[in-house]
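Report on the following structure.
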Amino acid sequence: MNSPLGMYQPGDTVWHRLGAGTKLVGLLVISTATVVVRGPAPSVVLLLAALTVCLWAGMRLPQIFASIRMLLIMLAALMVWHVWSNGWARAVEATFDLLGLVLIATVVTTTTPIDDILDVLVRALGPFRRFGVNPEAVALACSLAIRAIPTTLEIAQQTQDAAAARGLERDPRARLAPLVIRVVANARATGEALEARGVGDD
(Lines give C-alpha, C1' and ligand atoms only; values in the text may rest on other atoms or scores of the structure.)
Protein backbone atom coordinates (compact mmCIF):
# COMPACT_ATOMS: atom_id res chain seq x y z
CA MET A 1 0.00 0.00 0.00
CA ASN A 2 1.46 3.35 -0.99
CA SER A 3 0.99 5.53 2.05
CA PRO A 4 2.69 8.86 2.75
CA LEU A 5 1.67 8.76 6.39
CA GLY A 6 4.65 8.13 8.64
CA MET A 7 6.95 7.45 5.70
CA TYR A 8 9.73 9.88 4.81
CA GLN A 9 9.91 10.83 1.14
CA PRO A 10 13.11 12.64 0.06
CA GLY A 11 12.70 15.89 -1.84
CA ASP A 12 14.00 19.41 -2.31
CA THR A 13 10.96 21.51 -1.39
CA VAL A 14 11.06 24.29 1.17
CA TRP A 15 9.39 21.93 3.63
CA HIS A 16 12.17 19.38 3.21
CA ARG A 17 14.77 22.07 3.87
CA LEU A 18 13.15 23.33 7.07
CA GLY A 19 14.63 21.91 10.28
CA ALA A 20 12.75 19.25 12.18
CA GLY A 21 12.51 21.47 15.26
CA THR A 22 10.98 24.32 13.27
CA LYS A 23 8.34 22.04 11.78
CA LEU A 24 7.46 20.46 15.11
CA VAL A 25 7.11 23.86 16.78
CA GLY A 26 4.94 24.99 13.87
CA LEU A 27 2.75 21.91 14.25
CA LEU A 28 2.40 22.63 17.97
CA VAL A 29 1.45 26.26 17.33
CA ILE A 30 -1.12 25.33 14.68
CA SER A 31 -2.61 22.63 16.91
CA THR A 32 -2.92 25.08 19.80
CA ALA A 33 -4.48 27.74 17.57
CA THR A 34 -6.97 25.17 16.28
CA VAL A 35 -8.14 24.50 19.82
CA VAL A 36 -8.33 28.19 20.73
CA VAL A 37 -9.94 29.56 17.55
CA ARG A 38 -13.47 28.22 17.23
CA GLY A 39 -15.98 28.23 14.39
CA PRO A 40 -16.43 26.56 10.99
CA ALA A 41 -14.79 29.32 8.93
CA PRO A 42 -11.30 28.94 10.49
CA SER A 43 -11.66 25.16 10.13
CA VAL A 44 -12.31 25.49 6.40
CA VAL A 45 -9.28 27.80 6.07
CA LEU A 46 -7.14 25.29 7.98
CA LEU A 47 -8.15 22.42 5.72
CA LEU A 48 -7.54 24.41 2.52
CA ALA A 49 -4.16 25.56 3.85
CA ALA A 50 -3.25 22.00 4.81
CA LEU A 51 -4.10 20.72 1.32
CA THR A 52 -2.05 23.54 -0.22
CA VAL A 53 0.95 22.68 1.96
CA CYS A 54 0.61 18.98 1.03
CA LEU A 55 0.74 19.84 -2.68
CA TRP A 56 3.61 22.28 -2.08
CA ALA A 57 5.52 19.48 -0.36
CA GLY A 58 5.29 17.35 -3.51
CA MET A 59 2.40 15.11 -2.52
CA ARG A 60 -0.32 14.25 -5.03
CA LEU A 61 -4.02 14.47 -4.27
CA PRO A 62 -4.79 10.85 -5.33
CA GLN A 63 -1.95 9.68 -3.10
CA ILE A 64 -3.21 11.73 -0.17
CA PHE A 65 -6.81 10.58 -0.38
CA ALA A 66 -5.86 6.95 -0.99
CA SER A 67 -3.81 7.04 2.19
CA ILE A 68 -6.50 8.58 4.38
CA ARG A 69 -9.48 6.76 2.87
CA MET A 70 -10.28 4.91 6.08
CA LEU A 71 -9.91 8.13 8.07
CA LEU A 72 -12.35 9.85 5.71
CA ILE A 73 -14.90 7.12 6.37
CA MET A 74 -14.57 7.63 10.12
CA LEU A 75 -14.74 11.41 9.73
CA ALA A 76 -17.91 11.05 7.65
CA ALA A 77 -19.48 9.08 10.49
CA LEU A 78 -18.26 11.70 12.98
CA MET A 79 -19.76 14.47 10.89
CA VAL A 80 -23.13 12.72 10.70
CA TRP A 81 -23.14 12.32 14.48
CA HIS A 82 -22.23 15.97 15.06
CA VAL A 83 -24.86 17.18 12.59
CA TRP A 84 -27.47 15.15 14.47
CA SER A 85 -26.35 16.20 17.96
CA ASN A 86 -24.72 19.63 17.56
CA GLY A 87 -25.60 21.03 14.14
CA TRP A 88 -23.74 21.71 10.92
CA ALA A 89 -21.37 24.36 12.29
CA ARG A 90 -19.96 22.06 14.97
CA ALA A 91 -19.79 19.15 12.52
CA VAL A 92 -17.69 21.15 10.05
CA GLU A 93 -15.45 22.48 12.80
CA ALA A 94 -14.75 19.09 14.38
CA THR A 95 -14.13 17.12 11.21
CA PHE A 96 -12.27 19.78 9.23
CA ASP A 97 -10.01 20.59 12.18
CA LEU A 98 -9.07 16.94 12.64
CA LEU A 99 -8.48 16.33 8.93
CA GLY A 100 -6.46 19.53 8.57
CA LEU A 101 -4.19 18.63 11.49
CA VAL A 102 -3.69 15.10 10.17
CA LEU A 103 -2.65 16.49 6.78
CA ILE A 104 -0.23 18.97 8.32
CA ALA A 105 1.25 16.24 10.51
CA THR A 106 1.58 14.15 7.35
CA VAL A 107 3.65 16.89 5.74
CA VAL A 108 5.96 16.87 8.77
CA THR A 109 6.47 13.10 8.67
CA THR A 110 6.90 12.87 4.90
CA THR A 111 9.41 15.73 4.66
CA THR A 112 11.43 14.93 7.79
CA PRO A 113 13.48 11.79 8.50
CA ILE A 114 12.10 10.05 11.56
CA ASP A 115 15.55 10.07 13.20
CA ASP A 116 15.63 13.88 12.98
CA ILE A 117 12.22 14.11 14.66
CA LEU A 118 13.28 11.79 17.45
CA ASP A 119 16.57 13.66 17.98
CA VAL A 120 14.64 16.91 18.46
CA LEU A 121 12.27 15.20 20.88
CA VAL A 122 15.12 13.76 22.95
CA ARG A 123 16.85 17.16 23.15
CA ALA A 124 13.60 18.92 24.09
CA LEU A 125 12.91 16.46 26.90
CA GLY A 126 16.51 16.43 28.15
CA PRO A 127 15.94 19.04 30.93
CA PHE A 128 13.14 16.87 32.36
CA ARG A 129 15.48 13.98 33.22
CA ARG A 130 15.81 15.43 36.72
CA PHE A 131 12.08 14.87 37.17
CA GLY A 132 12.29 11.20 36.17
CA VAL A 133 11.46 11.56 32.48
CA ASN A 134 13.33 9.19 30.15
CA PRO A 135 13.64 11.06 26.83
CA GLU A 136 14.87 7.97 24.98
CA ALA A 137 11.87 5.94 26.14
CA VAL A 138 9.49 8.70 25.07
CA ALA A 139 11.22 8.92 21.69
CA LEU A 140 10.93 5.16 21.26
CA ALA A 141 7.20 5.30 22.03
CA CYS A 142 6.72 8.09 19.48
CA SER A 143 8.75 6.19 16.91
CA LEU A 144 6.59 3.10 17.35
CA ALA A 145 3.42 5.18 17.07
CA ILE A 146 4.56 6.89 13.87
CA ARG A 147 5.73 3.66 12.28
CA ALA A 148 2.47 1.96 13.26
CA ILE A 149 0.41 4.34 11.11
CA PRO A 150 1.27 2.86 7.69
CA THR A 151 1.05 -0.66 9.14
CA THR A 152 -2.43 0.01 10.49
CA LEU A 153 -3.55 1.51 7.19
CA GLU A 154 -2.19 -1.50 5.32
CA ILE A 155 -4.08 -3.85 7.66
CA ALA A 156 -7.23 -1.80 7.11
CA GLN A 157 -6.85 -2.08 3.33
CA GLN A 158 -6.25 -5.84 3.53
CA THR A 159 -9.30 -6.25 5.77
CA GLN A 160 -11.45 -4.25 3.38
CA ASP A 161 -10.22 -6.29 0.40
CA ALA A 162 -10.93 -9.54 2.26
CA ALA A 163 -14.45 -8.40 3.10
CA ALA A 164 -15.06 -7.38 -0.51
CA ALA A 165 -13.85 -10.78 -1.73
CA ARG A 166 -16.53 -12.40 0.45
CA GLY A 167 -19.20 -9.99 -0.75
CA LEU A 168 -19.36 -8.31 2.66
CA GLU A 169 -17.94 -4.90 1.77
CA ARG A 170 -21.12 -3.20 3.09
CA ASP A 171 -21.09 -5.08 6.39
CA PRO A 172 -19.18 -2.97 8.97
CA ARG A 173 -18.71 -6.01 11.23
CA ALA A 174 -16.81 -7.82 8.48
CA ARG A 175 -14.31 -4.98 8.39
CA LEU A 176 -14.20 -3.61 11.93
CA ALA A 177 -13.84 -6.82 13.95
CA PRO A 178 -10.95 -8.31 11.89
CA LEU A 179 -9.27 -4.88 11.79
CA VAL A 180 -9.34 -4.50 15.59
CA ILE A 181 -8.15 -8.07 16.13
CA ARG A 182 -5.24 -7.75 13.69
CA VAL A 183 -4.16 -4.33 14.99
CA VAL A 184 -4.17 -5.58 18.58
CA ALA A 185 -2.28 -8.73 17.55
CA ASN A 186 0.33 -6.61 15.77
CA ALA A 187 0.71 -4.38 18.84
CA ARG A 188 1.17 -7.42 21.09
CA ALA A 189 3.76 -8.88 18.72
CA THR A 190 5.66 -5.60 18.79
CA GLY A 191 5.55 -5.51 22.58
CA GLU A 192 6.77 -9.09 22.84
CA ALA A 193 9.63 -8.35 20.43
CA LEU A 194 10.70 -5.34 22.53
CA GLU A 195 10.45 -7.37 25.72
CA ALA A 196 12.57 -10.14 24.21
CA ARG A 197 15.26 -7.54 23.51
CA GLY A 198 15.13 -6.26 27.07
CA VAL A 199 13.69 -2.87 26.13
CA GLY A 200 12.16 -1.22 29.18
CA ASP A 201 13.67 -3.62 31.72
CA ASP A 202 15.29 -0.73 33.53
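Residue numbering restarts at 1 in every chain; chains get A, B, ... in the order shown in the C-alpha coordinates, and ligands count up from 1 in that same order.
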
Write out as JSON lines a residue-level contact list of range 50-155 of chain A versus range 20-25 of chain A with cut-off 9 Å: for each qualifying residue the closest pair of atoms and the distance in Å to one decimal, counting only C-alpha atoms, rows sorted by chain and residue number upward.
{"residue": "A:Ala105", "atom": "CA", "partner": "A:Leu24", "partner_atom": "CA", "distance": 8.8}
{"residue": "A:Val108", "atom": "CA", "partner": "A:Lys23", "partner_atom": "CA", "distance": 6.4}
{"residue": "A:Thr111", "atom": "CA", "partner": "A:Ala20", "partner_atom": "CA", "distance": 8.9}
{"residue": "A:Thr112", "atom": "CA", "partner": "A:Ala20", "partner_atom": "CA", "distance": 6.3}
{"residue": "A:Pro113", "atom": "CA", "partner": "A:Ala20", "partner_atom": "CA", "distance": 8.3}
{"residue": "A:Asp116", "atom": "CA", "partner": "A:Ala20", "partner_atom": "CA", "distance": 6.1}
{"residue": "A:Ile117", "atom": "CA", "partner": "A:Ala20", "partner_atom": "CA", "distance": 5.7}
{"residue": "A:Asp119", "atom": "CA", "partner": "A:Ala20", "partner_atom": "CA", "distance": 8.9}
{"residue": "A:Val120", "atom": "CA", "partner": "A:Gly21", "partner_atom": "CA", "distance": 6.0}
{"residue": "A:Leu121", "atom": "CA", "partner": "A:Gly21", "partner_atom": "CA", "distance": 8.4}

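Excluding range 51-62 of chain A and any residue on its chain fewer than 4 positions from it, the residues at most 7 Å away by only C-alpha atoms are Thr13, Trp15, Leu47, Ala66 and Val107 of chain A.
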
- Message: Residues within 7 Å of Gly39 in chain A, please, as a ChimeraX atom specification. Count only C-alpha atoms; anything in the same chain fewer than 4 positions from it doesn't count.
- Response: /A:43,89,93

Can you write out the residues you just picked, keeping all heavy atoms, as an mmCIF file, in the first residue's frame?
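The result, stored in out24.cif:
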data_model
loop_
_atom_site.group_PDB
_atom_site.id
_atom_site.type_symbol
_atom_site.label_atom_id
_atom_site.label_comp_id
_atom_site.auth_asym_id
_atom_site.auth_seq_id
_atom_site.Cartn_x
_atom_site.Cartn_y
_atom_site.Cartn_z
ATOM 1 N N SER A 43 -11.902 26.579 10.410
ATOM 2 C CA SER A 43 -11.659 25.164 10.127
ATOM 3 C C SER A 43 -11.546 24.924 8.630
ATOM 4 O O SER A 43 -10.717 24.134 8.180
ATOM 5 C CB SER A 43 -12.786 24.313 10.715
ATOM 6 O OG SER A 43 -12.893 24.509 12.112
ATOM 7 N N ALA A 89 -22.565 23.564 11.981
ATOM 8 C CA ALA A 89 -21.367 24.361 12.289
ATOM 9 C C ALA A 89 -20.368 23.545 13.106
ATOM 10 O O ALA A 89 -19.162 23.519 12.802
ATOM 11 C CB ALA A 89 -21.767 25.624 13.046
ATOM 12 N N GLU A 93 -16.611 22.118 11.984
ATOM 13 C CA GLU A 93 -15.448 22.481 12.804
ATOM 14 C C GLU A 93 -14.691 21.242 13.280
ATOM 15 O O GLU A 93 -13.467 21.158 13.148
ATOM 16 C CB GLU A 93 -15.907 23.293 14.014
ATOM 17 C CG GLU A 93 -14.763 23.711 14.928
ATOM 18 C CD GLU A 93 -15.244 24.474 16.146
ATOM 19 O OE1 GLU A 93 -16.452 24.788 16.213
ATOM 20 O OE2 GLU A 93 -14.412 24.740 17.033
#

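The two atoms in question, CA of Gly11 in chain A and CA of Ile114 in chain A, are spaced 14.6 Å apart.
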
- Message: List as an MDAnalysis selection string the protein and nucleic acid residues near Val183 in chain A, meaning an atom at most 7 Å away when only C-alpha atoms are counted, but skip any in the same chain fewer than 4 places from it.
- Response: chainID A and resid 152 179 187

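Residues with any atom within 9 Å of Leu78 in chain A, counting only C-alpha atoms and excluding same-chain neighbours fewer than 6 positions away, are A:Ala91, A:Ala94, A:Thr95.
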
Kindly save the residues from that selection, with all heavy atoms included, as a PDB file, in the first residue's frame.
ATOM      1  N   ALA A  91     -20.237  20.298  13.316  1.00  0.00           N
ATOM      2  CA  ALA A  91     -19.795  19.151  12.517  1.00  0.00           C
ATOM      3  C   ALA A  91     -18.633  19.539  11.607  1.00  0.00           C
ATOM      4  O   ALA A  91     -17.636  18.825  11.508  1.00  0.00           O
ATOM      5  CB  ALA A  91     -20.964  18.611  11.694  1.00  0.00           C
ATOM      6  N   ALA A  94     -15.408  20.274  13.816  1.00  0.00           N
ATOM      7  CA  ALA A  94     -14.754  19.095  14.382  1.00  0.00           C
ATOM      8  C   ALA A  94     -14.038  18.268  13.324  1.00  0.00           C
ATOM      9  O   ALA A  94     -12.882  17.868  13.500  1.00  0.00           O
ATOM     10  CB  ALA A  94     -15.783  18.238  15.123  1.00  0.00           C
ATOM     11  N   THR A  95     -14.715  17.999  12.216  1.00  0.00           N
ATOM     12  CA  THR A  95     -14.132  17.119  11.205  1.00  0.00           C
ATOM     13  C   THR A  95     -13.056  17.821  10.387  1.00  0.00           C
ATOM     14  O   THR A  95     -12.012  17.227  10.093  1.00  0.00           O
ATOM     15  CB  THR A  95     -15.219  16.579  10.275  1.00  0.00           C
ATOM     16  OG1 THR A  95     -15.971  17.670   9.712  1.00  0.00           O
ATOM     17  CG2 THR A  95     -16.185  15.673  11.025  1.00  0.00           C
TER      18      THR A  95
END

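Distance annotation: of A:Met79, A:Val122, A:Leu99, A:Val36, the residue with the minimal separation from Phe65 in chain A is A:Leu99; atom set is only C-alpha atoms.
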